[in-house]
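Novice: Let me begin by handing over the structure; questions about it come next.
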2 protein chains.
Amino acid sequence: MQIAILAFDGMTALDAVGPAQVLAFLPGASLVWASPEPGARRTDAAMSIVATHALGDVPRPEVVLVPGGLDVRPVMADARVLDWLRTVHATTRWTTSVCTGALVLGAAGILQGLRATTHWAMLDRLGKFGATPVSERVVVDGKVITAAGVSAGIDMALRLAARLAGDTVAQGIQLGIEYDPDPPFAGSPRTAPPAVVDAARRALSGGGAL
Amino acid sequence: MQIAILAFDGMTALDAVGPAQVLAFLPGASLVWASPEPGARRTDAAMSIVATHALGDVPRPEVVLVPGGLDVRPVMADARVLDWLRTVHATTRWTTSVCTGALVLGAAGILQGLRATTHWAMLDRLGKFGATPVSERVVVDGKVITAAGVSAGIDMALRLAARLAGDTVAQGIQLGIEYDPDPPFAGSPRTAPPAVVDAARRALSGGGAL
């Protein structure tokens, strides 16, 4: 089972690596990191991830995962990426995104008419792609699964693992990565202090995000 | 403030990238990925991370982070890594590990006499390094912080961010990565089904882990 993760300069590393860590432990899974051209792609975590495959070398993945980034406009405007997403989406079992990766799926026309989610600070942007924005951690609509911001990719991937390989396998993976979270603060705009929410919203907009 | 993350072949990607994503958003932080030689290091998530620095080029990081892997014995036997850890630990503000990265700190002699934790399946291995194993998510003893398995690095890094830059900054980062976890299953051997715990323990031993 081939799982293709889109890699691009400016990607948020954890958007991709959280799910990759879960899905890499799926029996029979083969992960590939694909980009218009193979090579090292800069992330926003001060490191690069090596894309081993060109998009054209990954014509029929069974699962596609699109991570996000602080500014995904260059990816949303890259016809090579959008054409590839539309083509492979026709035959995937699951087409998925994390964080603002949903905006890339949207730009490819894949979210038209679907319920979907993305990072909380960008949620209202989904409407212009014909999607219904949903403030949930993981949203499944047909074969399209979208996850909320950054760390939500881990929750998404565990649910995807359960659908692909059953609950027992997914339980084993969750235990293997000891995913028994103990966050020190609030991670949702519904529960965080309003001043922190406002500052985060300003910082994200100022960072060149959509 | 320089934060050095040790990179090595066979590292567990999320051990390093979870904390890196948190710490990269710290104002004034400069993350470097260091290895005995610069270059791409294979992770167990089907991708490589590029180490940009040789260990010798990172003589005085203020924070050191050692990720783990399914089999860290080669790292525990690498005198270049152990010598570097001992040297930089003398002047760090914080020396940290995630998952079996604690065993590498242990091999360097850094856990002698300290309370520490690691992946649940390896916890009893800490004793031979003179450490007191503690079954907690994040353990702070002096300036040494150890985290439990894989995903615990995110919880550790948020606590570290709060100590380095204050609660408000750490709250903003947690909200930025939307860390409001919603795991579908149990992630601790205390709460997971016993059969799943037994199978995970067998799989981890069979995978070449210590």
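Letters for chains follow the order of the structure tokens (A, B, ...), residue numbers begin at 1 for each chain, and ligand numbers begin at 1 in the order shown.
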Pull the alpha helix (DSSP H) assignments for region 14-156 of chain A out of DSSP run on the backbone, and list those residues as a ChimeraX atom specification.
Specialist: /A:14-23,73-76,79-89,101-107,152-156
Novice: Take the residues from that selection and write them out as an mmCIF file, in the first residue's frame, keeping N, CA and C atoms.
Specialist:
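part.cif was written with the following content:
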data_model
loop_
_atom_site.group_PDB
_atom_site.id
_atom_site.type_symbol
_atom_site.label_atom_id
_atom_site.label_comp_id
_atom_site.auth_asym_id
_atom_site.auth_seq_id
_atom_site.Cartn_x
_atom_site.Cartn_y
_atom_site.Cartn_z
ATOM 1 N N LEU A 14 5.911 19.153 11.413
ATOM 2 C CA LEU A 14 5.115 18.241 12.231
ATOM 3 C C LEU A 14 3.813 17.831 11.542
ATOM 4 N N ASP A 15 3.280 18.708 10.671
ATOM 5 C CA ASP A 15 2.092 18.350 9.876
ATOM 6 C C ASP A 15 2.307 17.029 9.150
ATOM 7 N N ALA A 16 3.522 16.867 8.631
ATOM 8 C CA ALA A 16 3.832 15.690 7.823
ATOM 9 C C ALA A 16 4.421 14.560 8.659
ATOM 10 N N VAL A 17 5.306 14.902 9.590
ATOM 11 C CA VAL A 17 6.052 13.865 10.304
ATOM 12 C C VAL A 17 5.183 13.176 11.360
ATOM 13 N N GLY A 18 4.226 13.898 11.961
ATOM 14 C CA GLY A 18 3.314 13.247 12.901
ATOM 15 C C GLY A 18 2.595 12.077 12.233
ATOM 16 N N PRO A 19 1.855 12.341 11.160
ATOM 17 C CA PRO A 19 1.191 11.236 10.460
ATOM 18 C C PRO A 19 2.175 10.204 9.897
ATOM 19 N N ALA A 20 3.302 10.664 9.375
ATOM 20 C CA ALA A 20 4.260 9.723 8.793
ATOM 21 C C ALA A 20 4.741 8.717 9.827
ATOM 22 N N GLN A 21 4.952 9.211 11.056
ATOM 23 C CA GLN A 21 5.424 8.303 12.105
ATOM 24 C C GLN A 21 4.381 7.227 12.406
ATOM 25 N N VAL A 22 3.131 7.606 12.381
ATOM 26 C CA VAL A 22 2.046 6.638 12.604
ATOM 27 C C VAL A 22 1.938 5.669 11.428
ATOM 28 N N LEU A 23 1.896 6.211 10.220
ATOM 29 C CA LEU A 23 1.614 5.390 9.043
ATOM 30 C C LEU A 23 2.798 4.512 8.651
ATOM 31 N N ARG A 73 0.403 29.596 -0.224
ATOM 32 C CA ARG A 73 -0.018 30.182 -1.508
ATOM 33 C C ARG A 73 0.839 29.722 -2.684
ATOM 34 N N PRO A 74 2.173 29.600 -2.510
ATOM 35 C CA PRO A 74 2.950 29.122 -3.673
ATOM 36 C C PRO A 74 2.536 27.713 -4.114
ATOM 37 N N VAL A 75 2.166 26.871 -3.164
ATOM 38 C CA VAL A 75 1.751 25.504 -3.514
ATOM 39 C C VAL A 75 0.370 25.534 -4.172
ATOM 40 N N MET A 76 -0.509 26.398 -3.653
ATOM 41 C CA MET A 76 -1.859 26.519 -4.210
ATOM 42 C C MET A 76 -1.836 27.059 -5.640
ATOM 43 N N ALA A 79 0.695 24.579 -10.625
ATOM 44 C CA ALA A 79 -0.155 23.705 -11.457
ATOM 45 C C ALA A 79 0.323 22.252 -11.426
ATOM 46 N N ARG A 80 1.629 22.046 -11.247
ATOM 47 C CA ARG A 80 2.132 20.656 -11.208
ATOM 48 C C ARG A 80 1.542 19.916 -10.002
ATOM 49 N N VAL A 81 1.475 20.618 -8.878
ATOM 50 C CA VAL A 81 0.917 20.003 -7.663
ATOM 51 C C VAL A 81 -0.591 19.792 -7.819
ATOM 52 N N LEU A 82 -1.290 20.817 -8.281
ATOM 53 C CA LEU A 82 -2.756 20.717 -8.371
ATOM 54 C C LEU A 82 -3.167 19.652 -9.386
ATOM 55 N N ASP A 83 -2.478 19.604 -10.526
ATOM 56 C CA ASP A 83 -2.796 18.582 -11.532
ATOM 57 C C ASP A 83 -2.559 17.182 -10.969
ATOM 58 N N TRP A 84 -1.462 17.025 -10.262
ATOM 59 C CA TRP A 84 -1.147 15.712 -9.681
ATOM 60 C C TRP A 84 -2.213 15.319 -8.647
ATOM 61 N N LEU A 85 -2.583 16.270 -7.803
ATOM 62 C CA LEU A 85 -3.597 15.950 -6.779
ATOM 63 C C LEU A 85 -4.914 15.530 -7.433
ATOM 64 N N ARG A 86 -5.341 16.274 -8.435
ATOM 65 C CA ARG A 86 -6.604 15.918 -9.108
ATOM 66 C C ARG A 86 -6.519 14.534 -9.744
ATOM 67 N N THR A 87 -5.364 14.253 -10.355
ATOM 68 C CA THR A 87 -5.207 12.967 -11.043
ATOM 69 C C THR A 87 -5.204 11.804 -10.052
ATOM 70 N N VAL A 88 -4.387 11.906 -9.011
ATOM 71 C CA VAL A 88 -4.282 10.769 -8.092
ATOM 72 C C VAL A 88 -5.547 10.630 -7.244
ATOM 73 N N HIS A 89 -6.214 11.735 -6.963
ATOM 74 C CA HIS A 89 -7.440 11.679 -6.159
ATOM 75 C C HIS A 89 -8.505 10.794 -6.815
ATOM 76 N N GLY A 101 -2.873 22.330 4.695
ATOM 77 C CA GLY A 101 -2.908 21.431 3.541
ATOM 78 C C GLY A 101 -4.307 21.359 2.940
ATOM 79 N N ALA A 102 -5.327 21.591 3.771
ATOM 80 C CA ALA A 102 -6.709 21.598 3.264
ATOM 81 C C ALA A 102 -6.900 22.691 2.210
ATOM 82 N N LEU A 103 -6.188 23.802 2.366
ATOM 83 C CA LEU A 103 -6.336 24.880 1.380
ATOM 84 C C LEU A 103 -5.762 24.451 0.032
ATOM 85 N N VAL A 104 -4.744 23.603 0.066
ATOM 86 C CA VAL A 104 -4.176 23.075 -1.178
ATOM 87 C C VAL A 104 -5.170 22.103 -1.829
ATOM 88 N N LEU A 105 -5.758 21.239 -1.008
ATOM 89 C CA LEU A 105 -6.818 20.376 -1.558
ATOM 90 C C LEU A 105 -7.944 21.240 -2.136
ATOM 91 N N GLY A 106 -8.277 22.300 -1.424
ATOM 92 C CA GLY A 106 -9.327 23.199 -1.903
ATOM 93 C C GLY A 106 -8.973 23.816 -3.252
ATOM 94 N N ALA A 107 -7.740 24.273 -3.370
ATOM 95 C CA ALA A 107 -7.304 24.899 -4.621
ATOM 96 C C ALA A 107 -7.342 23.911 -5.782
ATOM 97 N N ALA A 152 -2.844 17.961 14.938
ATOM 98 C CA ALA A 152 -4.030 17.152 14.665
ATOM 99 C C ALA A 152 -3.750 16.036 13.667
ATOM 100 N N GLY A 153 -2.660 16.159 12.943
ATOM 101 C CA GLY A 153 -2.309 15.101 11.991
ATOM 102 C C GLY A 153 -2.074 13.760 12.665
ATOM 103 N N ILE A 154 -1.605 13.797 13.915
ATOM 104 C CA ILE A 154 -1.385 12.538 14.638
ATOM 105 C C ILE A 154 -2.736 11.865 14.917
ATOM 106 N N ASP A 155 -3.699 12.660 15.384
ATOM 107 C CA ASP A 155 -5.034 12.099 15.653
ATOM 108 C C ASP A 155 -5.674 11.581 14.362
ATOM 109 N N MET A 156 -5.486 12.324 13.279
ATOM 110 C CA MET A 156 -6.037 11.908 11.991
ATOM 111 C C MET A 156 -5.425 10.582 11.546
#
Novice: May I have all residues of region 88-191 of chain A that DSSP, computed from the backbone, assigns to strand (DSSP E or B), given as a PyMOL selection string?
Specialist: chain A and resi 94-98+115-116+132-133+138-141+144-147
Novice: Write out as a PDB file with N, CA, C and O atoms, in the first residue's frame the residues lying within 8 Å of region 92-96 of chain A, counting only C-alpha atoms and excluding same-chain residues fewer than 4 positions away.
Specialist:
ATOM      1  N   ARG A  60      -0.164   6.472  -8.776  1.00  0.00           N
ATOM      2  CA  ARG A  60      -1.371   5.856  -8.216  1.00  0.00           C
ATOM      3  C   ARG A  60      -1.231   5.506  -6.744  1.00  0.00           C
ATOM      4  O   ARG A  60      -1.415   4.330  -6.351  1.00  0.00           O
ATOM      5  N   PRO A  61      -0.920   6.472  -5.893  1.00  0.00           N
ATOM      6  CA  PRO A  61      -0.843   6.150  -4.456  1.00  0.00           C
ATOM      7  C   PRO A  61      -2.230   5.797  -3.934  1.00  0.00           C
ATOM      8  O   PRO A  61      -3.244   6.324  -4.401  1.00  0.00           O
ATOM      9  N   GLU A  62      -2.266   4.919  -2.945  1.00  0.00           N
ATOM     10  CA  GLU A  62      -3.562   4.568  -2.351  1.00  0.00           C
ATOM     11  C   GLU A  62      -4.000   5.603  -1.314  1.00  0.00           C
ATOM     12  O   GLU A  62      -5.180   5.787  -1.084  1.00  0.00           O
ATOM     13  N   VAL A  63      -3.016   6.249  -0.711  1.00  0.00           N
ATOM     14  CA  VAL A  63      -3.312   7.320   0.240  1.00  0.00           C
ATOM     15  C   VAL A  63      -2.440   8.527  -0.121  1.00  0.00           C
ATOM     16  O   VAL A  63      -1.251   8.369  -0.412  1.00  0.00           O
ATOM     17  N   VAL A  64      -3.042   9.703  -0.102  1.00  0.00           N
ATOM     18  CA  VAL A  64      -2.284  10.939  -0.296  1.00  0.00           C
ATOM     19  C   VAL A  64      -2.435  11.784   0.957  1.00  0.00           C
ATOM     20  O   VAL A  64      -3.537  11.872   1.523  1.00  0.00           O
ATOM     21  N   LEU A  65      -1.355  12.385   1.405  1.00  0.00           N
ATOM     22  CA  LEU A  65      -1.396  13.290   2.550  1.00  0.00           C
ATOM     23  C   LEU A  65      -0.744  14.620   2.170  1.00  0.00           C
ATOM     24  O   LEU A  65       0.388  14.642   1.698  1.00  0.00           O
ATOM     25  N   VAL A  66      -1.479  15.694   2.371  1.00  0.00           N
ATOM     26  CA  VAL A  66      -0.978  17.033   2.056  1.00  0.00           C
ATOM     27  C   VAL A  66      -0.807  17.812   3.364  1.00  0.00           C
ATOM     28  O   VAL A  66      -1.792  18.147   4.031  1.00  0.00           O
ATOM     29  N   VAL A  88      -4.387  11.906  -9.011  1.00  0.00           N
ATOM     30  CA  VAL A  88      -4.282  10.769  -8.092  1.00  0.00           C
ATOM     31  C   VAL A  88      -5.547  10.630  -7.244  1.00  0.00           C
ATOM     32  O   VAL A  88      -5.929   9.515  -6.862  1.00  0.00           O
ATOM     33  N   LYS A 143     -14.226   9.957   0.972  1.00  0.00           N
ATOM     34  CA  LYS A 143     -12.855   9.455   1.141  1.00  0.00           C
ATOM     35  C   LYS A 143     -11.862  10.574   1.429  1.00  0.00           C
ATOM     36  O   LYS A 143     -10.654  10.366   1.349  1.00  0.00           O
ATOM     37  N   VAL A 144     -12.384  11.751   1.752  1.00  0.00           N
ATOM     38  CA  VAL A 144     -11.500  12.879   2.068  1.00  0.00           C
ATOM     39  C   VAL A 144     -11.484  13.108   3.578  1.00  0.00           C
ATOM     40  O   VAL A 144     -12.531  13.256   4.216  1.00  0.00           O
ATOM     41  N   ILE A 145     -10.296  13.102   4.157  1.00  0.00           N
ATOM     42  CA  ILE A 145     -10.126  13.337   5.590  1.00  0.00           C
ATOM     43  C   ILE A 145      -9.269  14.576   5.773  1.00  0.00           C
ATOM     44  O   ILE A 145      -8.142  14.629   5.272  1.00  0.00           O
ATOM     45  N   THR A 146      -9.796  15.549   6.482  1.00  0.00           N
ATOM     46  CA  THR A 146      -9.021  16.755   6.788  1.00  0.00           C
ATOM     47  C   THR A 146      -8.831  16.843   8.295  1.00  0.00           C
ATOM     48  O   THR A 146      -9.718  16.475   9.070  1.00  0.00           O
ATOM     49  N   ALA A 147      -7.669  17.320   8.703  1.00  0.00           N
ATOM     50  CA  ALA A 147      -7.355  17.464  10.129  1.00  0.00           C
ATOM     51  C   ALA A 147      -7.148  18.937  10.442  1.00  0.00           C
ATOM     52  O   ALA A 147      -6.810  19.734   9.565  1.00  0.00           O
TER      53      ALA A 147
END
Novice: Enumerate as a ChimeraX atom specification the residues belonging to chain A that approach chain B to within 7 Å, with only C-alpha atoms taken into account.
Specialist: /A:13-14,17-18,20-21,24,31,45-50,149-152,155,159,171-172,174-188,196,200
Novice: State, in Å with one decimal place, the distance from CA of Met1 (chain B) to CA of Ala29 (chain B).
Specialist: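 Straight-line distance from CA of Met1 (chain B) to CA of Ala29 (chain B) works out to 4.9 Å.
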